[in-house]
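Asker: My structure is below; once you've seen it, I'll send some questions.
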Amino acid sequence: MAERRNAGGAGQGGFRQAQAWLHTWCGLWFSWLLFAVFFTGTLAVFEEPISHWMTPEHHAQEQAQAAACASGQRGGDLGQRLAWGLAYMEKHHPGAEMWELWPSDAEGAGDLRVYWFDEKRQYASAELDSATGQPLDKDQSHGAVRATKGGHHFVDFHYRLHAGQAGLWVVGIAGMAMLVALLSGVITHRRIFKDFFTFRARKGQRSWLDAHNAVAVLTLPFQIMIAYTGIAISASTLMPAGIAVYFGTGSQGLRDYVVALNESDRPAPSGRSMAVPQLEPFVQRAQALMGQPVRAVVVDNPGDAAARIGVYGWNSEEEMQQRLNPTTGMVMFSAATAEVLRLRQPGEVDGGDASMAKSVIGSLHQVEFGGQALKWLYFLCGLAGSAMMASGAILFMVKRRGKHLGRQAGEFGSATARVYRLVEGLNVAAIAGLGLACIGYLWANRLVPVGLSHRASWELAVFFGLWSLALLHALVRAPAAAWREQLGLLAALCLLLPLLNWITVGDSLPAQIARGDWESAGVELSAMAMGLLAAWAWRYLRRRSARSQSPVSAGKMEVGA
Amino acid sequence: MNVLQASWLAFALSFAGMAALAFAMERHHEQLTAAMEISAARALLLRAVGAGLLAAAVMPCVQAWGWSVGVVAWLGWLSAGALLVVALISIAARGAAAAACILAAAAAIMAAVWSA
């Protein structure tokens, strides 16, 4: 990092210098994408609270449900819900090869949903009224409710950029680059122990390097873990050779693999017809066997004598405080004989130790365990990782600013000044601009009209539109001005979010706290904390630019922009 | 011991432990005492205390979360403690040292009360 020689190419100098070269360039070219992936991934830790904030129409419903649940009214008991689901499927989808019923939440309340594979083997779903068992019209159930992707936008963006398989590959390669940058960074960092606790403020380039080192080194276990598990989750896509050799390529190969892994004992249809029996007795037995309330009931080969009934459980929060592996309990029954075909206790996996490792790797990445404390630790470490990438990208320019500009032969030949200008612009757009896009997404949730068609996509359009505008702005304006203006706007949007919510929906921060709605309050308080940080950076840059207007210090521009 | 109590304990212990390790180093010892050199005995003592506190921080984590989740939580709290130590030392080294002493003492009392 600090010791990089300007003339050093990959092959020149010693091992450490080669690593420094690798760290600088691998880090720089991936830093913008990685910052976006990391920051949105950090927000994705709180996917559910963000979704909750973004669907204010559900708040009253959720409260009514909680009250009804407390007073014992649940809108149809378990047996009734299962019967309704079964009746719906028998009437509307008798030919489907699989039926799946989600009768209720873990408390026996909540929505009643059904899923099936349609003719094209696509997963299809319907929601039934939990009080009457009648199918709910999709528009009817969402009529007055704003359509939104909610917090899931951040989840989807951070692992595949809303671009499906192609996006997954791009993020996967960036994840590899992050591992390369982490390891080469550790090798390059000569004073990793001597500078372990060192941060020297207001020293220009020194401060940026100290900050970059501190956030990275002090959270290194997390950074390596999150990059590695992030890649490993997508192993079947990123390393397809194993599956391709044994099961063939393409989606059929993948399907065969999944069947061989989980469904090797799946019964073949017998051809003799038999109505699906009432499900409640199966569910009651399964709940007793696995010790969990029912989450889903899956009927394979419905209507056939070889039908199989699988019952899956809900993990309770208390269980997941102490368990890394999030698999739930599962019991498989033969529909004809009611005999137990397979029993999996909560926390066990099908497929042995390798499956267990895969499951735990996924859980480690998505922090499905340990409750709120672990979520906040992940959030903190995720912010530190984002800060590592941002400070690295800024450091690259701080080192070069004023050094090479104006000289004939910089490190990019005659294009040096233009490349530096591009890097400056990308820094502003990737860091401040992404912040604008994220908070703009929340603003769009309140400002885009509720009845608009494709409304959820409009929210996304605001996210990407604001980000593109930020890039344009960063390339047009001088870097220092671009930083100031984008940080200023970011601070304003973050700090005004509670006001926006109060004006548009009538829900205020004090009211949220008063009714104990910490999910909504948490979103707004966190946005305000980010706003304060942005405001501090904005004020700092404004003061410095005022100072540098005076002729004495004009040549001493050091930090930031 | 509930999760909130364990979180406080783990955080207090890892903050105090990281601070002790930091002040065992010449640079940060000088920020604290203005003495250019730190005696070998004092450095060793601070390192031993720091390592001990960090190791002790694993105990509330394991109590609240069990071993598999507890160790993950412990690593997280170590990072959190270290980040705050760096921030505080750069702002006010003496304040950081005082905070470390107070938190270590408080942790000892809390541990005694909560596990009783």
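Simple scheme: letters A, B, ... for chains in structure tokens order, numbers from 1 for residues in each chain, numbers from 1 for ligands in the order shown.
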Contacts of stretch 88-96 of chain B at 7 Å or less, counting only C-alpha atoms, minus same-chain residues fewer than 3 places along, as an MDAnalysis selection string?
Answerer: (chainID A and resid 199:201) or (chainID B and resid 31:32 84:85 99:100)
Asker: Give me, as a tab-separated table, each residue of chain B that comes within 7 Å of chain A, together with its shortest interatomic pair and the distance in Å at one decimal, counting only C-alpha atoms, with rows ordered by chain and rising residue number.
Answerer:
```
residue	atom	partner	partner_atom	distance
B:Ala22	CA	A:Phe197	CA	6.2
B:Trp65	CA	A:Gln322	CA	4.7
B:Gly66	CA	A:Gln322	CA	5.4
B:Ser68	CA	A:Leu324	CA	6.5
B:Val69	CA	A:Gln322	CA	5.7
B:Ala73	CA	A:Leu374	CA	6.4
B:Gly76	CA	A:Leu377	CA	5.8
B:Ser79	CA	A:Thr219	CA	5.2
B:Ala82	CA	A:Leu218	CA	6.3
B:Leu83	CA	A:Leu218	CA	6.6
B:Val86	CA	A:Phe197	CA	5.2
B:Ser90	CA	A:Phe199	CA	5.9
```
Asker: Using only C-alpha atoms, which protein or nucleic acid residues come within 8 Å of A:Leu33? Drop anything in the same chain fewer than 4 positions from it, and give the result as JSON, numbers by chain.
Answerer: {"A": [37, 174, 430]}
Asker: With C-alpha atoms retained, could you export that selection as an mmCIF file, in the first residue's frame?
Answerer:
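This is the output file part-v2.cif:
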```cif
data_model
loop_
_atom_site.group_PDB
_atom_site.id
_atom_site.type_symbol
_atom_site.label_atom_id
_atom_site.label_comp_id
_atom_site.auth_asym_id
_atom_site.auth_seq_id
_atom_site.Cartn_x
_atom_site.Cartn_y
_atom_site.Cartn_z
ATOM 1 C CA VAL A 37 -22.189 -4.846 -3.695
ATOM 2 C CA ALA A 174 -15.764 -9.272 -8.190
ATOM 3 C CA ALA A 430 -19.768 5.003 -6.816
#
```
Asker: Could you tell me how far atom CA of A:Thr40 sits from atom CA of A:Gly362, in Å to one decimal place?
Answerer: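 Pair atom CA of A:Gly362 / atom CA of A:Thr40 returns 17.7 Å.
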Asker: In terms of the shortest atom-to-atom distance over only C-alpha atoms, which of A:Ala109, A:Leu495, A:Leu179, A:Ile431 is closest to A:Glu62?
Answerer: A:Ala109
Asker: What's the 10 Å shell around stretch 36-52 of chain B, counting only C-alpha atoms, without same-chain residues fewer than 3 positions away, as a count of residues only?
Answerer: 23
Asker: Skipping near chain neighbours, those fewer than 3 positions away, what residues fall within 10 Å of A:Leu34 using only C-alpha atoms, listed as an MDAnalysis selection string?
Answerer: chainID A and resid 27:31 37:40 158 171 174:175 177:178 385:386 389:390 430
Asker: Tell me, in Å to one decimal, how far atom CA of A:Gly79 is from atom CA of A:Leu279.
Answerer: 7.6 Å
Asker: Can you work out which one of A:Asn262, A:Gln65, A:Asn427, A:Thr42 has the shortest atom-to-atom distance to A:Trp483, counting only C-alpha atoms?
Answerer: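 Ranked by minimum distance to A:Trp483, first place goes to A:Asn427.
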Asker: Between atom CA of A:Leu343 and atom CA of A:Pro103, what is the distance, to one decimal in Å?
Answerer: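 Rounded to one decimal, the two atoms are 20.5 Å apart.
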Asker: Leaving out stretch 286-296 of chain A and any residue of its chain fewer than 3 positions from it, which residues lie within 10 Å of it when counting only C-alpha atoms, given as number ranges by chain?
Answerer: A: 78, 100-108, 113-114, 280-283, 299, 310-316, 328-333, 340, 343-346
Asker: Export N, CA, C and O atoms of the chosen residues as a short mmCIF file (atom, residue, chain, number, x, y, z; two decimals), in the first residue's frame?
Answerer:
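Listed below is the output, selection_32.cif:
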```
data_model
loop_
_atom_site.label_atom_id
_atom_site.label_comp_id
_atom_site.auth_asym_id
_atom_site.auth_seq_id
_atom_site.Cartn_x
_atom_site.Cartn_y
_atom_site.Cartn_z
N LEU A 78 -55.95 -24.43 12.05
CA LEU A 78 -55.02 -25.10 11.15
C LEU A 78 -55.74 -26.07 10.23
O LEU A 78 -55.54 -26.06 9.01
N GLU A 100 -48.18 -27.34 -2.96
CA GLU A 100 -47.49 -26.88 -1.76
C GLU A 100 -48.39 -25.90 -1.02
O GLU A 100 -48.82 -24.91 -1.58
N LEU A 101 -48.65 -26.19 0.25
CA LEU A 101 -49.54 -25.33 1.05
C LEU A 101 -48.74 -24.67 2.17
O LEU A 101 -48.02 -25.37 2.90
N TRP A 102 -48.86 -23.36 2.30
CA TRP A 102 -48.28 -22.66 3.44
C TRP A 102 -49.44 -22.17 4.28
O TRP A 102 -49.96 -21.07 4.04
N PRO A 103 -49.86 -22.97 5.27
CA PRO A 103 -51.12 -22.65 5.94
C PRO A 103 -51.09 -21.39 6.80
O PRO A 103 -52.09 -20.69 6.87
N SER A 104 -49.95 -21.09 7.44
CA SER A 104 -49.96 -19.94 8.37
C SER A 104 -48.53 -19.63 8.79
O SER A 104 -47.60 -20.34 8.43
N ASP A 105 -48.39 -18.56 9.59
CA ASP A 105 -47.07 -18.29 10.16
C ASP A 105 -46.87 -19.19 11.38
O ASP A 105 -47.71 -20.04 11.70
N ALA A 106 -45.74 -18.99 12.07
CA ALA A 106 -45.40 -19.91 13.16
C ALA A 106 -46.40 -19.84 14.31
O ALA A 106 -46.51 -20.78 15.10
N GLU A 107 -47.17 -18.72 14.39
CA GLU A 107 -48.14 -18.59 15.48
C GLU A 107 -49.52 -19.10 15.07
O GLU A 107 -50.48 -18.96 15.83
N GLY A 108 -49.65 -19.62 13.86
CA GLY A 108 -50.95 -20.11 13.40
C GLY A 108 -51.81 -19.01 12.81
O GLY A 108 -52.97 -19.23 12.50
N ARG A 113 -51.22 -19.40 1.82
CA ARG A 113 -50.77 -19.38 0.43
C ARG A 113 -50.64 -20.79 -0.13
O ARG A 113 -50.36 -21.73 0.63
N VAL A 114 -50.82 -20.91 -1.42
CA VAL A 114 -50.62 -22.21 -2.08
C VAL A 114 -49.71 -22.03 -3.29
O VAL A 114 -49.69 -20.96 -3.91
N GLU A 280 -54.69 -32.63 7.97
CA GLU A 280 -54.44 -32.24 9.35
C GLU A 280 -53.83 -33.34 10.21
O GLU A 280 -52.87 -33.08 10.94
N PRO A 281 -54.33 -34.60 10.12
CA PRO A 281 -53.71 -35.65 10.95
C PRO A 281 -52.22 -35.82 10.66
O PRO A 281 -51.42 -36.00 11.58
N PHE A 282 -51.84 -35.74 9.37
CA PHE A 282 -50.42 -35.84 9.01
C PHE A 282 -49.63 -34.70 9.65
O PHE A 282 -48.55 -34.91 10.22
N VAL A 283 -50.20 -33.49 9.55
CA VAL A 283 -49.50 -32.32 10.08
C VAL A 283 -49.35 -32.42 11.59
O VAL A 283 -48.28 -32.13 12.15
N VAL A 299 -47.22 -31.86 -1.28
CA VAL A 299 -47.80 -33.12 -1.74
C VAL A 299 -47.22 -33.43 -3.12
O VAL A 299 -47.43 -32.68 -4.07
N GLY A 310 -45.07 -34.27 2.47
CA GLY A 310 -43.94 -33.78 3.25
C GLY A 310 -44.37 -32.60 4.10
O GLY A 310 -45.03 -31.69 3.62
N VAL A 311 -44.00 -32.61 5.38
CA VAL A 311 -44.36 -31.51 6.28
C VAL A 311 -43.06 -30.86 6.76
O VAL A 311 -42.17 -31.55 7.27
N TYR A 312 -42.96 -29.56 6.58
CA TYR A 312 -41.77 -28.81 6.98
C TYR A 312 -42.11 -27.88 8.13
O TYR A 312 -43.23 -27.39 8.23
N GLY A 313 -41.14 -27.60 8.99
CA GLY A 313 -41.39 -26.79 10.19
C GLY A 313 -40.88 -25.36 10.07
O GLY A 313 -40.17 -25.00 9.13
N TRP A 314 -41.27 -24.56 11.04
CA TRP A 314 -40.71 -23.21 11.22
C TRP A 314 -39.61 -23.27 12.26
O TRP A 314 -39.81 -23.84 13.33
N ASN A 315 -38.47 -22.63 12.00
CA ASN A 315 -37.48 -22.42 13.06
C ASN A 315 -37.97 -21.30 13.96
O ASN A 315 -38.41 -20.27 13.47
N SER A 316 -37.87 -21.48 15.26
CA SER A 316 -38.20 -20.37 16.15
C SER A 316 -36.97 -19.51 16.33
O SER A 316 -35.85 -19.93 16.08
N THR A 328 -34.78 -26.67 8.70
CA THR A 328 -35.89 -26.92 9.62
C THR A 328 -36.15 -28.41 9.71
O THR A 328 -35.56 -29.21 8.98
N GLY A 329 -37.06 -28.78 10.61
CA GLY A 329 -37.48 -30.16 10.69
C GLY A 329 -38.32 -30.53 9.47
O GLY A 329 -38.86 -29.67 8.79
N MET A 330 -38.37 -31.85 9.17
CA MET A 330 -39.15 -32.30 8.01
C MET A 330 -39.59 -33.74 8.25
O MET A 330 -38.82 -34.55 8.74
N VAL A 331 -40.84 -34.03 7.92
CA VAL A 331 -41.32 -35.42 7.99
C VAL A 331 -42.02 -35.76 6.68
O VAL A 331 -42.82 -34.98 6.18
N MET A 332 -41.64 -36.91 6.10
CA MET A 332 -42.28 -37.38 4.86
C MET A 332 -43.17 -38.58 5.18
O MET A 332 -42.74 -39.50 5.89
N PHE A 333 -44.40 -38.54 4.65
CA PHE A 333 -45.32 -39.64 4.86
C PHE A 333 -45.74 -40.23 3.51
O PHE A 333 -45.81 -39.51 2.51
N VAL A 340 -44.33 -43.27 8.09
CA VAL A 340 -43.29 -42.24 8.03
C VAL A 340 -42.16 -42.73 7.12
O VAL A 340 -41.53 -43.75 7.41
N LEU A 343 -37.64 -38.87 8.41
CA LEU A 343 -37.77 -37.87 9.48
C LEU A 343 -36.45 -37.12 9.61
O LEU A 343 -35.39 -37.74 9.74
N ARG A 344 -36.53 -35.80 9.50
CA ARG A 344 -35.33 -34.98 9.69
C ARG A 344 -35.61 -34.03 10.84
O ARG A 344 -36.56 -33.26 10.81
N GLN A 345 -34.76 -34.09 11.86
CA GLN A 345 -34.94 -33.17 12.98
C GLN A 345 -34.39 -31.79 12.62
O GLN A 345 -33.51 -31.68 11.77
N PRO A 346 -34.89 -30.73 13.27
CA PRO A 346 -34.37 -29.37 13.00
C PRO A 346 -32.85 -29.33 13.17
O PRO A 346 -32.33 -29.88 14.14
#
```
